[in-house]
Amino acid sequence: MNQLQFNFTGRHAVVTGGAQGIGFEIARRFAESGATVTVADYSPEALEMARNELAAFKSVYFQRLDVTDRASCTKLSETLEAPVNVLVNNAGITRDKSLAKMTDDDFDRVIQTNLTGVYNVTKALLAKFDDAQPKRIVNMASIVALYGNFGQTNYVAAKAGVVGMTKTWARELGKRGFTANAIAPGFIRTKMTEAMPKEVLEGLAAKVPVQRMGLPTEIAAACLFLASDAAAYVNGAVLSVDGGLVL
């Protein structure tokens with residue numbers, strides 16, 4: 001597949017949840033495009049695997065990060081070796097259950113990671129952005145934030161909150177040289193979804209107007225576009241990358 005070409009030479013991208021899944025693909029694409037990349041992730045095992053897979057890139061750094069822990073976010077900020085140009089808030093978890101079966105811990109953990117974590121990281125890194133270059137914040141939302149989803153009270157609430165924060169930051173930070181945008185992925189093929197039964201995957205694909213699931217590379221391409229100079233006048237947008245699912 002032909003890929004859009006971007007040049008991030010001389011720029012530094014921080015990607016949370018960047019050691020696996022969509023986040024890893026985003027980090028890899030930034031590295032391929034010449035950026036210095038900091039991959040921040042909660043899992044030491046995933047960080048080690050990412051380190052091995054990205055060994056060919058000399059300007060990729062790895063940092064363990066718990067987005068729910070503000071001290072961990074502060075440590076990330078303090079250990080960054082270069083000013084930040086791009087922040088991708090991608091870290092997230094799921095704890096899916098219907099409302100009747102959802103525990104308080106299920107709710108709290110998802111909110112703390114997927115919503116409060118976005119606040120924690122962005123607040124900690126805000127002063128680290130490079131005033132000499134464009135400043136980009138890209139937050140990972142979800143199409144379920146736009147229409148809800150059975151069994152995901154916690155996840156939908158968090159992702160809807162991310163959309164609201166993104167629009168607020170677009171207003172507040174625009175005059176300081178920032179843009180803040182969100183991506184709302186649809187059904188995306190990852191290692192996690194590949195483990196699902198074939199008939200389930202086919203059923204998901206059948207719901208999408210383009211009749212297939214999306215690829216992590218397609219989310220990464222959208223992310224790099226929003227972080228690029230080509231998107232300098234895109235601010236406060238929620239870009240659905242879902243094959244038309246929300247139509």
# chains A, B, ... in the order shown; residues from 1 in each chain; ligands from 1
call {"tool": "select_by_dssp", "arguments": {"residues": "segment 75-242 of chain A", "states": "strand (DSSP E or B)", "output": "list in words"}}
result
Val84, Val86, Leu87, Val88, Asn89, Lys97, Phe129, Lys135, Arg136, Ile137, Val138, Asn139, Met140, Gln152, Phe178, Thr179, Ala180, Asn181, Ala182, Ile183, Ala184, Pro185, Ile188, Gly214, Val238, Leu239, Ser240 and Val241 of chain A
call {"tool": "closest_atom_pairs", "arguments": {"of": "segment 60-129 of chain A", "to": "segment 33-54 of chain A", "cutoff": "7 Å", "atoms": "only C-alpha atoms", "output": "tab-separated table"}}
result
residue	atom	partner	partner_atom	distance
A:Val60	CA	A:Val37	CA	4.7
A:Tyr61	CA	A:Thr38	CA	4.7
A:Phe62	CA	A:Val39	CA	4.8
A:Gln63	CA	A:Ala40	CA	4.8
A:Arg64	CA	A:Asp41	CA	5.2
A:Leu65	CA	A:Tyr42	CA	5.0
A:Asp66	CA	A:Tyr42	CA	5.3
call {"tool": "atom_distance", "arguments": {"atom1": "atom CA of Leu99 of chain A", "atom2": "atom CA of Ile143 of chain A"}}
result
19.5 Å
call {"tool": "closest_atom_pairs", "arguments": {"of": "segment 206-246 of chain A", "to": "segment 162-168 of chain A", "cutoff": "9 Å", "atoms": "only C-alpha atoms", "output": "CSV"}}
result
residue,atom,partner,partner_atom,distance
A:Asn235,CA,A:Lys167,CA,8.0
A:Gly236,CA,A:Lys167,CA,4.6
A:Ala237,CA,A:Lys167,CA,7.4
A:Val238,CA,A:Val163,CA,7.2
call {"tool": "write_last_selection", "arguments": {"atoms": "N, CA, C and O atoms", "output": "PDB file, in the first residue's frame"}}
result
ATOM      1  N   ASN A 235      -8.021  22.562  13.633  1.00  0.00           N
ATOM      2  CA  ASN A 235      -7.952  22.744  15.082  1.00  0.00           C
ATOM      3  C   ASN A 235      -9.320  22.462  15.691  1.00  0.00           C
ATOM      4  O   ASN A 235     -10.330  22.990  15.223  1.00  0.00           O
ATOM      5  N   GLY A 236      -9.339  21.596  16.702  1.00  0.00           N
ATOM      6  CA  GLY A 236     -10.600  21.262  17.365  1.00  0.00           C
ATOM      7  C   GLY A 236     -11.429  20.249  16.609  1.00  0.00           C
ATOM      8  O   GLY A 236     -12.608  20.050  16.923  1.00  0.00           O
ATOM      9  N   ALA A 237     -10.833  19.575  15.634  1.00  0.00           N
ATOM     10  CA  ALA A 237     -11.576  18.617  14.808  1.00  0.00           C
ATOM     11  C   ALA A 237     -11.567  17.233  15.448  1.00  0.00           C
ATOM     12  O   ALA A 237     -10.654  16.867  16.190  1.00  0.00           O
ATOM     13  N   VAL A 238     -12.613  16.462  15.146  1.00  0.00           N
ATOM     14  CA  VAL A 238     -12.660  15.043  15.489  1.00  0.00           C
ATOM     15  C   VAL A 238     -12.718  14.292  14.163  1.00  0.00           C
ATOM     16  O   VAL A 238     -13.738  14.319  13.474  1.00  0.00           O
TER      17      VAL A 238
END
call {"tool": "select_by_dssp", "arguments": {"residues": "segment 32-184 of chain A", "states": "alpha helix (DSSP H)", "output": "ChimeraX atom specification"}}
result
/A:32,44-53,70-79,104-111,117-125,144-147,153-173
call {"tool": "atom_distance", "arguments": {"atom1": "atom CA of Asn149 of chain A", "atom2": "atom CA of Val200 of chain A"}}
result
16.5 Å
call {"tool": "closest_atom_pairs", "arguments": {"of": "segment 110-211 of chain A", "to": "segment 6-12 of chain A", "cutoff": "10 Å", "atoms": "only C-alpha atoms", "output": "Markdown table"}}
result
| residue | atom | partner | partner_atom | distance |
| --- | --- | --- | --- | --- |
| A:Phe129 | CA | A:His12 | CA | 9.3 |
| A:Asp130 | CA | A:Arg11 | CA | 9.2 |
| A:Gln133 | CA | A:Arg11 | CA | 8.3 |
| A:Pro134 | CA | A:Arg11 | CA | 9.4 |
| A:Lys135 | CA | A:Arg11 | CA | 9.9 |
call {"tool": "closest_atom_pairs", "arguments": {"of": "segment 163-205 of chain A", "to": "segment 13-31 of chain A", "cutoff": "12 Å", "atoms": "only C-alpha atoms", "output": "CSV"}}
result
residue,atom,partner,partner_atom,distance
A:Ile183,CA,A:Ile22,CA,11.8
A:Pro185,CA,A:Ile22,CA,9.9
A:Phe187,CA,A:Ile22,CA,11.8
A:Ile188,CA,A:Ile22,CA,8.7
A:Arg189,CA,A:Gly21,CA,9.1
A:Thr190,CA,A:Gly21,CA,6.0
A:Lys191,CA,A:Gly21,CA,7.0
A:Met192,CA,A:Gly21,CA,8.2
A:Thr193,CA,A:Gly21,CA,10.2
A:Glu194,CA,A:Gly21,CA,11.5
call {"tool": "atom_distance", "arguments": {"atom1": "atom CA of Ala227 of chain A", "atom2": "atom CA of Gly214 of chain A"}}
result
20.3 Å
call {"tool": "residues_around", "arguments": {"residues": "Ala157 of chain A", "least_positions_apart": "4", "cutoff": "9 Å", "atoms": "only C-alpha atoms", "output": "PyMOL selection string"}}
result
chain A and resi 111+115+145+148+152-153+161-162
call {"tool": "write_last_selection", "arguments": {"atoms": "C-alpha atoms", "output": "CSV table (one decimal), in the first residue's frame"}}
result
chain,number,residue,atom,x,y,z
A,111,ILE,CA,-11.9,6.9,33.5
A,115,LEU,CA,-9.7,10.5,30.4
A,145,ALA,CA,-17.9,8.6,21.8
A,148,GLY,CA,-22.5,5.2,22.4
A,152,GLN,CA,-19.1,0.4,27.4
A,153,THR,CA,-20.5,3.0,29.8
A,161,GLY,CA,-14.7,13.4,27.6
A,162,VAL,CA,-11.6,13.3,25.5
call {"tool": "closest_residue", "arguments": {"among": "A:Ala232, A:Ala205, A:Ile219, A:Met102", "to": "Ala180 of chain A", "atoms": "only C-alpha atoms"}}
result
A:Ala232
